[in-house]
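With TSV, C-alpha atoms and all ligand atoms inside, this is my_file33.tsv:
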```tsv
chain	number	residue	atom	x	y	z
A	1	MET	CA	11.23	59.04	-11.86
A	2	GLY	CA	14.66	59.82	-10.40
A	3	GLY	CA	16.88	62.88	-10.48
A	4	PRO	CA	19.45	64.20	-12.95
A	5	ALA	CA	23.19	63.63	-13.27
A	6	ASP	CA	25.50	66.60	-12.73
A	7	LEU	CA	26.53	66.37	-16.37
A	8	LEU	CA	25.42	64.35	-19.38
A	9	VAL	CA	28.02	63.62	-22.06
A	10	ASP	CA	27.01	62.27	-25.46
A	11	ALA	CA	29.94	60.91	-27.48
A	12	PHE	CA	29.30	60.08	-31.13
A	13	THR	CA	32.74	58.74	-32.06
A	14	GLU	CA	35.26	56.46	-30.38
A	15	SER	CA	37.85	59.24	-30.22
A	16	ALA	CA	35.34	61.64	-28.60
A	17	LEU	CA	34.49	58.98	-26.02
A	18	VAL	CA	38.15	58.28	-25.17
A	19	GLU	CA	38.75	62.05	-24.89
A	20	ALA	CA	35.70	62.48	-22.61
A	21	LEU	CA	36.86	59.63	-20.38
A	22	ALA	CA	40.34	61.18	-20.10
A	23	ALA	CA	38.78	64.54	-19.08
A	24	VAL	CA	36.50	62.89	-16.51
A	25	ARG	CA	39.46	60.96	-15.07
A	26	ALA	CA	41.63	64.08	-14.96
A	27	ALA	CA	38.87	65.89	-13.04
A	28	ASN	CA	38.57	62.88	-10.71
A	29	CYS	CA	34.77	62.79	-11.22
A	30	PRO	CA	32.56	59.78	-10.59
A	31	TRP	CA	31.03	58.63	-13.85
A	32	THR	CA	28.65	56.05	-15.19
A	33	VAL	CA	27.46	54.88	-18.59
A	34	LEU	CA	23.85	54.92	-19.78
A	35	GLY	CA	22.10	53.45	-22.78
A	36	GLY	CA	18.40	54.03	-23.39
A	37	GLY	CA	17.73	54.05	-19.61
A	38	SER	CA	14.99	51.41	-19.83
A	39	ASN	CA	16.47	49.15	-17.15
A	40	LEU	CA	17.72	51.77	-14.76
A	41	VAL	CA	16.30	53.13	-11.49
A	42	VAL	CA	17.93	56.43	-10.54
A	43	ALA	CA	17.57	57.83	-7.01
A	44	SER	CA	15.46	60.97	-6.56
A	45	GLY	CA	18.64	62.87	-5.65
A	46	GLY	CA	20.10	61.94	-9.03
A	47	PHE	CA	23.69	60.95	-9.72
A	48	ALA	CA	26.52	63.13	-8.41
A	49	GLY	CA	28.81	62.69	-11.38
A	50	VAL	CA	28.97	62.43	-15.15
A	51	ALA	CA	26.60	60.21	-17.12
A	52	ILE	CA	28.15	59.15	-20.43
A	53	ARG	CA	26.27	57.83	-23.44
A	54	TYR	CA	27.93	56.40	-26.54
A	55	ARG	CA	25.68	57.32	-29.45
A	56	ASP	CA	27.08	55.38	-32.44
A	57	ASP	CA	23.85	53.96	-33.89
A	58	ARG	CA	25.20	52.50	-37.13
A	59	ILE	CA	23.98	49.07	-38.20
A	60	GLN	CA	25.79	47.33	-41.06
A	61	ILE	CA	24.66	44.00	-42.46
A	62	GLN	CA	26.51	41.87	-44.98
A	63	GLU	CA	24.99	38.45	-45.55
A	64	GLY	CA	24.81	36.83	-42.06
A	65	SER	CA	27.30	39.23	-40.51
A	66	VAL	CA	25.93	42.17	-38.52
A	67	GLN	CA	27.88	45.04	-36.99
A	68	ALA	CA	25.90	47.26	-34.58
A	69	GLY	CA	26.98	50.39	-32.71
A	70	SER	CA	26.06	50.24	-29.03
A	71	GLY	CA	23.99	53.42	-29.43
A	72	ALA	CA	21.63	51.80	-31.95
A	73	SER	CA	18.16	51.05	-30.63
A	74	LEU	CA	17.66	47.32	-30.17
A	75	GLN	CA	14.35	47.57	-32.06
A	76	ASP	CA	16.14	49.15	-35.06
A	77	LEU	CA	18.57	46.24	-35.01
A	78	VAL	CA	15.72	43.71	-34.75
A	79	ASP	CA	13.89	45.36	-37.68
A	80	ALA	CA	17.04	45.55	-39.81
A	81	THR	CA	17.80	41.84	-39.32
A	82	ILE	CA	14.22	40.87	-40.17
A	83	ARG	CA	14.37	42.94	-43.38
A	84	ALA	CA	17.70	41.26	-44.23
A	85	GLY	CA	16.15	37.80	-43.75
A	86	LEU	CA	18.20	36.91	-40.66
A	87	GLN	CA	16.61	35.08	-37.77
A	88	GLY	CA	17.08	35.03	-34.00
A	89	LEU	CA	16.78	38.63	-32.89
A	90	HIS	CA	13.16	38.80	-34.15
A	91	THR	CA	11.97	37.32	-30.81
A	92	MET	CA	13.43	40.39	-29.05
A	93	THR	CA	10.99	42.73	-30.72
A	94	ARG	CA	9.69	45.42	-28.33
A	95	ILE	CA	12.53	45.02	-25.79
A	96	PRO	CA	13.30	48.70	-25.22
A	97	GLY	CA	16.79	50.17	-24.92
A	98	TRP	CA	19.97	50.19	-26.98
A	99	VAL	CA	22.37	47.54	-28.23
A	100	GLY	CA	25.00	48.32	-25.54
A	101	GLY	CA	22.46	47.85	-22.75
A	102	ALA	CA	21.28	44.60	-24.36
A	103	ILE	CA	24.84	43.21	-24.46
A	104	TYR	CA	25.52	44.36	-20.89
A	105	GLY	CA	22.47	42.51	-19.52
A	106	ASN	CA	22.37	39.76	-22.20
A	107	ALA	CA	18.80	40.76	-23.06
A	108	GLY	CA	16.45	38.20	-24.46
A	109	ALA	CA	12.88	36.99	-24.79
A	110	TYR	CA	10.80	34.19	-26.26
A	111	GLY	CA	13.54	31.59	-26.49
A	112	HIS	CA	16.56	33.66	-27.55
A	113	SER	CA	19.13	35.86	-25.81
A	114	ILE	CA	21.43	38.21	-27.69
A	115	HIS	CA	24.61	36.36	-26.64
A	116	GLU	CA	23.71	33.42	-28.92
A	117	PHE	CA	24.50	35.61	-31.91
A	118	VAL	CA	27.51	37.56	-30.61
A	119	GLU	CA	30.88	36.90	-32.24
A	120	SER	CA	32.77	39.69	-30.49
A	121	VAL	CA	32.26	42.89	-28.52
A	122	ARG	CA	34.40	46.01	-28.88
A	123	PHE	CA	34.71	48.23	-25.81
A	124	VAL	CA	36.82	50.84	-23.99
A	125	ASP	CA	38.32	49.49	-20.79
A	126	GLY	CA	38.45	53.00	-19.31
A	127	VAL	CA	41.61	53.84	-21.24
A	128	ALA	CA	42.17	51.69	-24.32
A	129	ILE	CA	39.93	50.09	-26.95
A	130	ARG	CA	39.79	46.29	-26.79
A	131	SER	CA	37.72	43.41	-28.10
A	132	LEU	CA	36.43	40.21	-26.49
A	133	SER	CA	35.14	37.04	-28.14
A	134	ARG	CA	31.73	35.71	-27.07
A	135	ASP	CA	33.35	33.15	-24.73
A	136	GLU	CA	35.43	35.85	-23.08
A	137	CYS	CA	32.28	37.90	-22.38
A	138	ASP	CA	31.12	35.28	-19.78
A	139	PHE	CA	27.51	35.51	-20.92
A	140	ALA	CA	24.86	33.77	-18.81
A	141	TYR	CA	21.17	34.34	-18.16
A	142	ARG	CA	20.88	38.18	-17.97
A	143	GLU	CA	24.59	38.29	-17.11
A	144	SER	CA	27.83	39.27	-18.78
A	145	ARG	CA	31.38	40.23	-17.85
A	146	PHE	CA	30.39	43.85	-18.50
A	147	LYS	CA	28.18	43.76	-15.38
A	148	ARG	CA	31.30	43.12	-13.29
A	149	GLU	CA	33.61	45.55	-15.09
A	150	LYS	CA	31.91	48.85	-14.33
A	151	SER	CA	34.61	50.95	-16.03
A	152	TRP	CA	34.11	49.29	-19.41
A	153	ILE	CA	31.99	50.95	-22.10
A	154	ILE	CA	30.65	48.81	-24.90
A	155	LEU	CA	31.23	50.39	-28.33
A	156	SER	CA	29.83	47.87	-30.78
A	157	ALA	CA	28.96	44.23	-31.27
A	158	GLN	CA	29.75	41.90	-34.12
A	159	LEU	CA	26.94	39.36	-34.57
A	160	ARG	CA	26.28	36.41	-36.86
A	161	LEU	CA	22.72	35.25	-37.59
A	162	PRO	CA	21.36	32.33	-39.62
A	163	PRO	CA	19.09	33.01	-42.60
A	164	GLY	CA	15.30	33.05	-42.28
A	165	ASP	CA	12.24	34.01	-44.30
A	166	PRO	CA	11.58	37.77	-43.78
A	167	GLU	CA	7.80	37.36	-44.08
A	168	ALA	CA	7.64	34.54	-41.51
A	169	LEU	CA	10.00	36.42	-39.17
A	170	ARG	CA	7.86	39.57	-39.41
A	171	GLN	CA	4.71	37.58	-38.63
A	172	GLU	CA	6.33	36.01	-35.58
A	173	ALA	CA	7.65	39.41	-34.41
A	174	THR	CA	4.15	40.92	-34.78
A	175	ARG	CA	2.66	38.06	-32.77
A	176	ILE	CA	5.21	38.63	-29.98
A	177	GLN	CA	4.66	42.39	-30.14
A	178	GLN	CA	0.93	41.91	-29.55
A	179	ILE	CA	1.53	39.68	-26.51
A	180	ARG	CA	4.05	42.16	-25.11
A	181	ASP	CA	1.86	45.21	-25.70
A	182	ALA	CA	-0.92	43.54	-23.69
A	183	LYS	CA	1.53	42.79	-20.84
A	184	TYR	CA	3.36	46.13	-20.94
A	185	PRO	CA	0.92	48.67	-22.46
A	186	PRO	CA	3.14	51.28	-24.20
A	187	THR	CA	1.91	54.02	-21.80
A	188	MET	CA	2.78	51.99	-18.67
A	189	ARG	CA	5.67	53.49	-16.68
A	190	CYS	CA	7.70	50.42	-15.76
A	191	ALA	CA	11.15	48.85	-16.16
A	192	GLY	CA	9.97	45.48	-17.46
A	193	SER	CA	10.59	42.62	-15.05
A	194	ILE	CA	11.99	43.83	-11.73
A	195	PHE	CA	13.50	40.47	-10.72
A	196	LYS	CA	15.43	37.89	-12.72
A	197	ASN	CA	13.77	34.55	-13.19
A	198	LEU	CA	15.36	31.57	-11.41
A	199	LEU	CA	17.39	28.84	-13.03
A	200	LEU	CA	15.90	25.45	-12.13
A	201	ARG	CA	19.37	23.98	-11.58
A	202	ASP	CA	20.10	26.60	-8.89
A	203	LEU	CA	17.03	25.75	-6.78
A	204	PRO	CA	17.21	23.31	-3.83
A	205	ALA	CA	16.20	19.83	-5.08
A	206	SER	CA	13.24	19.58	-2.68
A	207	LEU	CA	11.81	22.85	-3.97
A	208	ALA	CA	12.51	22.00	-7.63
A	209	ASP	CA	10.72	18.64	-7.20
A	210	SER	CA	7.65	20.30	-5.74
A	211	LEU	CA	7.14	22.76	-8.62
A	212	PRO	CA	4.19	22.32	-10.99
A	213	PRO	CA	5.72	21.28	-14.37
A	214	SER	CA	3.83	24.13	-16.06
A	215	LYS	CA	5.97	26.60	-14.09
A	216	ILE	CA	9.23	25.37	-15.62
A	217	ILE	CA	9.92	27.17	-18.87
A	218	GLU	CA	13.19	26.58	-20.80
A	219	GLY	CA	14.98	25.49	-17.59
A	220	LYS	CA	13.79	28.56	-15.69
A	221	VAL	CA	11.10	29.23	-13.10
A	222	PRO	CA	9.45	32.65	-13.30
A	223	SER	CA	10.12	34.69	-10.19
A	224	ALA	CA	6.47	35.80	-10.62
A	225	TYR	CA	5.48	32.31	-9.40
A	226	PHE	CA	7.21	32.81	-6.03
A	227	LEU	CA	6.10	36.44	-5.83
A	228	GLU	CA	2.49	35.42	-6.36
A	229	LEU	CA	2.75	32.79	-3.59
A	230	ALA	CA	4.03	35.58	-1.34
A	231	GLY	CA	0.94	37.69	-2.07
A	232	ALA	CA	2.73	40.30	-4.19
A	233	LYS	CA	0.00	41.05	-6.72
A	234	GLY	CA	-1.59	44.45	-6.15
A	235	LEU	CA	0.80	45.46	-3.31
A	236	LYS	CA	1.51	49.18	-3.26
A	237	ARG	CA	4.06	51.58	-1.81
A	238	GLY	CA	3.43	55.28	-2.53
A	239	GLY	CA	2.73	55.56	-6.25
A	240	ILE	CA	4.41	52.25	-7.10
A	241	GLN	CA	2.22	49.19	-7.53
A	242	VAL	CA	2.67	45.50	-8.34
A	243	ALA	CA	0.45	44.74	-11.35
A	244	ASP	CA	-2.61	42.72	-10.37
A	245	TYR	CA	-2.08	40.46	-13.43
A	246	HIS	CA	1.70	39.94	-13.13
A	247	ALA	CA	3.56	39.71	-9.82
A	248	ASN	CA	6.99	40.58	-11.34
A	249	LEU	CA	5.76	43.81	-12.92
A	250	LEU	CA	5.98	46.98	-10.84
A	251	TYR	CA	4.79	50.26	-12.31
A	252	ASN	CA	4.39	53.91	-11.42
A	253	THR	CA	0.73	54.83	-11.05
A	254	GLY	CA	1.76	58.52	-10.83
A	255	GLY	CA	3.97	60.37	-8.34
A	256	GLY	CA	5.86	57.22	-7.34
A	257	THR	CA	9.50	57.77	-6.36
A	258	ALA	CA	12.61	55.67	-6.91
A	259	GLU	CA	12.76	55.21	-3.13
A	260	ASP	CA	9.18	53.83	-3.10
A	261	LEU	CA	10.26	51.37	-5.76
A	262	ARG	CA	13.37	50.31	-3.85
A	263	ILE	CA	11.41	49.82	-0.63
A	264	LEU	CA	8.64	47.83	-2.32
A	265	THR	CA	11.33	45.74	-4.02
A	266	GLN	CA	12.98	44.97	-0.68
A	267	THR	CA	9.59	44.10	0.84
A	268	LEU	CA	8.92	41.64	-1.98
A	269	LYS	CA	12.35	40.03	-1.61
A	270	GLN	CA	11.80	39.60	2.12
A	271	ARG	CA	8.34	38.08	1.62
A	272	VAL	CA	9.64	35.57	-0.96
A	273	LEU	CA	12.55	34.65	1.29
A	274	GLU	CA	10.19	33.96	4.19
A	275	GLN	CA	7.59	32.17	2.04
A	276	SER	CA	9.81	30.01	-0.20
A	277	GLY	CA	13.39	30.37	1.08
A	278	ILE	CA	14.42	31.93	-2.25
A	279	HIS	CA	16.69	34.96	-2.71
A	280	LEU	CA	15.36	36.98	-5.62
A	281	GLU	CA	17.87	39.09	-7.54
A	282	GLU	CA	16.99	42.40	-9.19
A	283	GLU	CA	17.21	42.56	-12.98
A	284	VAL	CA	16.95	46.37	-12.93
A	285	GLN	CA	20.14	48.31	-12.28
A	286	CYS	CA	20.22	51.05	-9.63
A	287	LEU	CA	22.14	54.31	-9.68
A	288	GLY	CA	22.72	57.06	-7.12
A	289	PHE	CA	21.39	55.32	-4.01
A	290	GLY	CA	24.75	55.49	-2.23
A	291	SER	CA	24.33	54.27	1.33
A	292	TYR	CA	20.68	53.31	0.83
A	293	THR	CA	19.60	50.84	3.50
A	294	GLY	CA	15.80	50.96	3.26
A	295	VAL	CA	13.87	47.81	3.96
A	296	GLY	CA	10.08	47.91	3.77
A	301	LIG	C1	8.51	47.41	-20.84
A	301	LIG	C2	9.85	46.74	-20.70
A	301	LIG	C3	10.01	45.43	-21.12
A	301	LIG	C4	11.26	44.79	-21.01
A	301	LIG	N1	11.39	43.50	-21.44
A	301	LIG	C5	12.59	42.90	-21.41
A	301	LIG	C6	12.75	41.56	-21.91
A	301	LIG	O1	11.81	40.92	-22.37
A	301	LIG	N2	13.99	41.00	-21.86
A	301	LIG	C7	15.07	41.69	-21.36
A	301	LIG	O2	16.17	41.12	-21.37
A	301	LIG	N3	14.95	42.93	-20.88
A	301	LIG	C8	13.74	43.57	-20.90
A	301	LIG	N4	13.60	44.83	-20.41
A	301	LIG	C9	14.74	45.49	-19.77
A	301	LIG	C10	15.57	46.42	-20.70
A	301	LIG	O3	14.82	46.84	-21.79
A	301	LIG	C11	16.79	45.71	-21.20
A	301	LIG	O4	17.58	45.31	-20.11
A	301	LIG	C12	17.65	46.60	-22.13
A	301	LIG	O5	18.57	45.79	-22.80
A	301	LIG	C13	18.36	47.72	-21.40
A	301	LIG	O6	18.98	48.57	-22.36
A	301	LIG	P1	19.16	50.13	-22.11
A	301	LIG	O7	19.94	50.69	-23.27
A	301	LIG	O8	17.88	50.80	-21.83
A	301	LIG	O9	20.09	50.10	-20.82
A	301	LIG	P2	20.10	51.15	-19.60
A	301	LIG	O10	18.84	51.01	-18.81
A	301	LIG	O11	20.47	52.51	-20.09
A	301	LIG	O12	21.31	50.58	-18.75
A	301	LIG	C14	21.21	49.32	-18.11
A	301	LIG	C15	22.61	48.94	-17.61
A	301	LIG	O13	23.45	48.74	-18.76
A	301	LIG	C16	24.64	49.51	-18.64
A	301	LIG	N5	25.00	49.96	-20.00
A	301	LIG	C17	24.17	50.54	-20.90
A	301	LIG	N6	24.84	50.83	-22.02
A	301	LIG	C18	26.12	50.41	-21.84
A	301	LIG	C19	27.32	50.44	-22.64
A	301	LIG	N7	27.35	50.95	-23.89
A	301	LIG	N8	28.46	49.92	-22.10
A	301	LIG	C20	28.47	49.40	-20.84
A	301	LIG	N9	27.38	49.36	-20.04
A	301	LIG	C21	26.22	49.85	-20.53
A	301	LIG	C22	24.27	50.69	-17.73
A	301	LIG	O14	25.39	51.19	-17.03
A	301	LIG	C23	23.26	50.04	-16.78
A	301	LIG	O15	23.89	49.45	-15.67
A	301	LIG	C24	12.37	45.50	-20.48
A	301	LIG	C25	12.21	46.83	-20.08
A	301	LIG	C26	10.96	47.44	-20.19
A	301	LIG	C27	10.83	48.89	-19.76
```
Take the structure in the file and write it out as structure tokens.
Ligand SMILES: Cc1cc2nc3c(=O)[nH]c(=O)nc-3n(C[C@H](O)[C@H](O)[C@H](O)COP(=O)(O)OP(=O)(O)OC[C@H]3O[C@@H](n4cnc5c(N)ncnc54)[C@H](O)[C@@H]3O)c2cc1C
Amino acid sequence: MGGPADLLVDAFTESALVEALAAVRAANCPWTVLGGGSNLVVASGGFAGVAIRYRDDRIQIQEGSVQAGSGASLQDLVDATIRAGLQGLHTMTRIPGWVGGAIYGNAGAYGHSIHEFVESVRFVDGVAIRSLSRDECDFAYRESRFKREKSWIILSAQLRLPPGDPEALRQEATRIQQIRDAKYPPTMRCAGSIFKNLLLRDLPASLADSLPPSKIIEGKVPSAYFLELAGAKGLKRGGIQVADYHANLLYNTGGGTAEDLRILTQTLKQRVLEQSGIHLEEEVQCLGFGSYTGVG
């Protein structure tokens, strides 16, 4: 789904990346950075500019200290830490994408988010290479400072993980993998959850008090709960459909366009606003929609 960029640049070293950025700036071209593309919806017309990927996929582990290039697949990092007997990232098994994308969106699942283990993040601020400590990254639920600073490119992350038993970690990862594969069958064309879940503390007190306790999980309320109340399950726009078993899962049944997805997303947001007074926020990132104003 979605169209191409004018140019795709793969940089494998920091110096190549800095050089590419200088050339793009000199040519006055719009540019963006991609990771594995698993959380990205690109308009059918594509992106009129340069898409840059940083491909350093090295993972180095020494005792509890882990250094990962932002171009490493998150699953490779998860597997490497399990083999090294380090715990925490094992719950993120089967989250697609790369380490840079995971830091950008503070990816997480089953009780852990990546920020818990971050010591520092190295990045290019558009010109120079810099580093931020975890606190300086402003991590929050599916949020980081990198989401605000669109000209920053994450190069690598320094993590620290506590020790764990590799066999027990593998068993837990396999259990999570089985649950996830049932929810997101590997052949399903989707971007994971479309909307962020809601933090209980951000909800109006009257609404929070009326929620069934079973819907509050680790201080969050699944947006699927509000979507389901708004009749989202099974809704369709073109080739894009809301799963009939999960209201926060939209997938392409075949021939669906990025515009169908955007319009269905807007329709769902409007329905939830009218039904529950809640503003849902997209977790997926959008690219190339320019002056898009579609509302279903
Ligand atoms: C089936 C499925 C299940 C999913 N389950 C989960 C889940 O359980 N938990 C979860 O958190 N997410 C989940 N996701 C969403 C997605 O996998 C994560 O958000 C992932 O971390 C995105 O990484 P990516 O490399 O694919 O990023 P991309 O999709 O390539 O990019 C996403 C954003 O990150 C930015 N970005 C990427 N790399 C860099 C970089 N090096 N520097 C600066 N910015 C960068 C891009 O500009 C873009 O805005 C799921 C997705 C799918 C398809």
* **Contacts of ligand LIG 301 (chain A), 6 Å or closer, only C-alpha atoms and all ligand atoms, given as a PyMOL selection string** => chain A and resi 33-40+70+95-98+100-102+104-105+107-109+152-155+184+190-192+285
* To do: Rank A:Ile52, A:Ile176, A:Ala168, A:Val9 by their smallest atom-to-atom distance to Thr91 in chain A, using only C-alpha atoms, and report the top residue only.
  => A:Ile176
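Across A:Asp181, A:Glu283, A:Asp165, A:Glu218, the tightest approach to Leu199 in chain A is made by A:Glu218 when counting all atoms listed in the file.
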* Closest of A:Arg271, A:Arg160, A:Arg122, A:Arg262 to Gly288 in chain A - atom-to-atom distances counting only C-alpha atoms ->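 That would be A:Arg262, the residue with the smallest distance to Gly288 in chain A.
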* To do: Measuring atom to atom with only C-alpha atoms, identify which of A:Asp57, A:Glu116, A:Glu143, A:Asp138 is nearest to Glu281 in chain A.
  => A:Glu143
* Asked: Near Gly3 in chain A, within 7 Å and counting only C-alpha atoms, which residues show up once chain neighbours fewer than 6 positions away are dropped, as an NGL selection string?
  -> :A and (42-46)
Write the residues you've just listed into a file as a compact mmCIF listing (two decimals), keeping the file's coordinate frame, and include C-alpha atoms for each of them.
```
# COMPACT_ATOMS: atom_id res chain seq x y z
CA VAL A 42 17.93 56.43 -10.54
CA ALA A 43 17.57 57.83 -7.01
CA SER A 44 15.46 60.97 -6.56
CA GLY A 45 18.64 62.87 -5.65
CA GLY A 46 20.10 61.94 -9.03
```
Starting from the block above, write range 110-119 of chain A out to a file with all heavy atoms, as a PDB file, in the first residue's frame, please.
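And here's out_26.pdb as it stands now:
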```pdb
ATOM      1  N   TYR A 110       3.374  -6.407  26.444  1.00  0.00           N
ATOM      2  CA  TYR A 110       3.339  -7.356  27.563  1.00  0.00           C
ATOM      3  C   TYR A 110       4.160  -6.886  28.766  1.00  0.00           C
ATOM      4  O   TYR A 110       4.998  -7.597  29.310  1.00  0.00           O
ATOM      5  CB  TYR A 110       3.763  -8.754  27.075  1.00  0.00           C
ATOM      6  CG  TYR A 110       2.755  -9.300  26.109  1.00  0.00           C
ATOM      7  CD1 TYR A 110       2.855  -9.032  24.752  1.00  0.00           C
ATOM      8  CD2 TYR A 110       1.651 -10.008  26.561  1.00  0.00           C
ATOM      9  CE1 TYR A 110       1.889  -9.470  23.861  1.00  0.00           C
ATOM     10  CE2 TYR A 110       0.676 -10.456  25.681  1.00  0.00           C
ATOM     11  CZ  TYR A 110       0.806 -10.175  24.336  1.00  0.00           C
ATOM     12  OH  TYR A 110      -0.155 -10.602  23.465  1.00  0.00           O
ATOM     13  N   GLY A 111       3.914  -5.629  29.162  1.00  0.00           N
ATOM     14  CA  GLY A 111       4.463  -5.160  30.440  1.00  0.00           C
ATOM     15  C   GLY A 111       5.760  -4.387  30.356  1.00  0.00           C
ATOM     16  O   GLY A 111       6.203  -3.821  31.353  1.00  0.00           O
ATOM     17  N   HIS A 112       6.427  -4.391  29.199  1.00  0.00           N
ATOM     18  CA  HIS A 112       7.684  -3.635  29.096  1.00  0.00           C
ATOM     19  C   HIS A 112       7.692  -2.745  27.862  1.00  0.00           C
ATOM     20  O   HIS A 112       7.126  -3.105  26.823  1.00  0.00           O
ATOM     21  CB  HIS A 112       8.888  -4.581  28.994  1.00  0.00           C
ATOM     22  CG  HIS A 112       9.193  -5.314  30.263  1.00  0.00           C
ATOM     23  ND1 HIS A 112       9.561  -4.668  31.428  1.00  0.00           N
ATOM     24  CD2 HIS A 112       9.197  -6.635  30.552  1.00  0.00           C
ATOM     25  CE1 HIS A 112       9.768  -5.568  32.373  1.00  0.00           C
ATOM     26  NE2 HIS A 112       9.551  -6.774  31.874  1.00  0.00           N
ATOM     27  N   SER A 113       8.345  -1.577  27.982  1.00  0.00           N
ATOM     28  CA  SER A 113       8.615  -0.717  26.828  1.00  0.00           C
ATOM     29  C   SER A 113      10.124  -0.544  26.755  1.00  0.00           C
ATOM     30  O   SER A 113      10.825  -0.598  27.771  1.00  0.00           O
ATOM     31  CB  SER A 113       7.974   0.659  26.999  1.00  0.00           C
ATOM     32  OG  SER A 113       6.577   0.538  27.021  1.00  0.00           O
ATOM     33  N   ILE A 114      10.615  -0.274  25.554  1.00  0.00           N
ATOM     34  CA  ILE A 114      12.072  -0.278  25.355  1.00  0.00           C
ATOM     35  C   ILE A 114      12.777   0.789  26.201  1.00  0.00           C
ATOM     36  O   ILE A 114      13.917   0.601  26.628  1.00  0.00           O
ATOM     37  CB  ILE A 114      12.417  -0.162  23.843  1.00  0.00           C
ATOM     38  CG1 ILE A 114      13.868  -0.588  23.603  1.00  0.00           C
ATOM     39  CG2 ILE A 114      12.131   1.222  23.289  1.00  0.00           C
ATOM     40  CD1 ILE A 114      14.190  -0.936  22.165  1.00  0.00           C
ATOM     41  N   HIS A 115      12.066   1.901  26.501  1.00  0.00           N
ATOM     42  CA  HIS A 115      12.742   2.992  27.220  1.00  0.00           C
ATOM     43  C   HIS A 115      13.264   2.563  28.590  1.00  0.00           C
ATOM     44  O   HIS A 115      14.238   3.124  29.095  1.00  0.00           O
ATOM     45  CB  HIS A 115      11.791   4.184  27.401  1.00  0.00           C
ATOM     46  CG  HIS A 115      10.847   4.044  28.541  1.00  0.00           C
ATOM     47  ND1 HIS A 115       9.666   3.344  28.455  1.00  0.00           N
ATOM     48  CD2 HIS A 115      10.918   4.488  29.819  1.00  0.00           C
ATOM     49  CE1 HIS A 115       9.056   3.390  29.620  1.00  0.00           C
ATOM     50  NE2 HIS A 115       9.786   4.061  30.467  1.00  0.00           N
ATOM     51  N   GLU A 116      12.607   1.548  29.196  1.00  0.00           N
ATOM     52  CA  GLU A 116      13.029   1.103  30.536  1.00  0.00           C
ATOM     53  C   GLU A 116      14.494   0.685  30.556  1.00  0.00           C
ATOM     54  O   GLU A 116      15.142   0.698  31.606  1.00  0.00           O
ATOM     55  CB  GLU A 116      12.203  -0.112  30.977  1.00  0.00           C
ATOM     56  CG  GLU A 116      10.745   0.154  31.212  1.00  0.00           C
ATOM     57  CD  GLU A 116       9.971  -1.156  31.256  1.00  0.00           C
ATOM     58  OE1 GLU A 116      10.357  -2.072  31.999  1.00  0.00           O
ATOM     59  OE2 GLU A 116       8.986  -1.261  30.499  1.00  0.00           O
ATOM     60  N   PHE A 117      15.004   0.264  29.384  1.00  0.00           N
ATOM     61  CA  PHE A 117      16.339  -0.319  29.332  1.00  0.00           C
ATOM     62  C   PHE A 117      17.361   0.600  28.663  1.00  0.00           C
ATOM     63  O   PHE A 117      18.526   0.255  28.551  1.00  0.00           O
ATOM     64  CB  PHE A 117      16.266  -1.671  28.596  1.00  0.00           C
ATOM     65  CG  PHE A 117      15.186  -2.544  29.167  1.00  0.00           C
ATOM     66  CD1 PHE A 117      13.963  -2.674  28.532  1.00  0.00           C
ATOM     67  CD2 PHE A 117      15.371  -3.171  30.393  1.00  0.00           C
ATOM     68  CE1 PHE A 117      12.944  -3.440  29.087  1.00  0.00           C
ATOM     69  CE2 PHE A 117      14.361  -3.927  30.961  1.00  0.00           C
ATOM     70  CZ  PHE A 117      13.148  -4.061  30.313  1.00  0.00           C
ATOM     71  N   VAL A 118      16.892   1.766  28.210  1.00  0.00           N
ATOM     72  CA  VAL A 118      17.783   2.686  27.477  1.00  0.00           C
ATOM     73  C   VAL A 118      18.667   3.446  28.462  1.00  0.00           C
ATOM     74  O   VAL A 118      18.183   3.990  29.455  1.00  0.00           O
ATOM     75  CB  VAL A 118      16.946   3.697  26.648  1.00  0.00           C
ATOM     76  CG1 VAL A 118      17.824   4.820  26.105  1.00  0.00           C
ATOM     77  CG2 VAL A 118      16.221   2.982  25.511  1.00  0.00           C
ATOM     78  N   GLU A 119      19.972   3.474  28.173  1.00  0.00           N
ATOM     79  CA  GLU A 119      20.874   4.352  28.940  1.00  0.00           C
ATOM     80  C   GLU A 119      21.114   5.638  28.161  1.00  0.00           C
ATOM     81  O   GLU A 119      21.118   6.720  28.734  1.00  0.00           O
ATOM     82  CB  GLU A 119      22.202   3.640  29.192  1.00  0.00           C
ATOM     83  CG  GLU A 119      22.090   2.573  30.268  1.00  0.00           C
ATOM     84  CD  GLU A 119      23.448   2.101  30.724  1.00  0.00           C
ATOM     85  OE1 GLU A 119      24.379   2.020  29.898  1.00  0.00           O
ATOM     86  OE2 GLU A 119      23.581   1.788  31.918  1.00  0.00           O
TER      87      GLU A 119
END
```
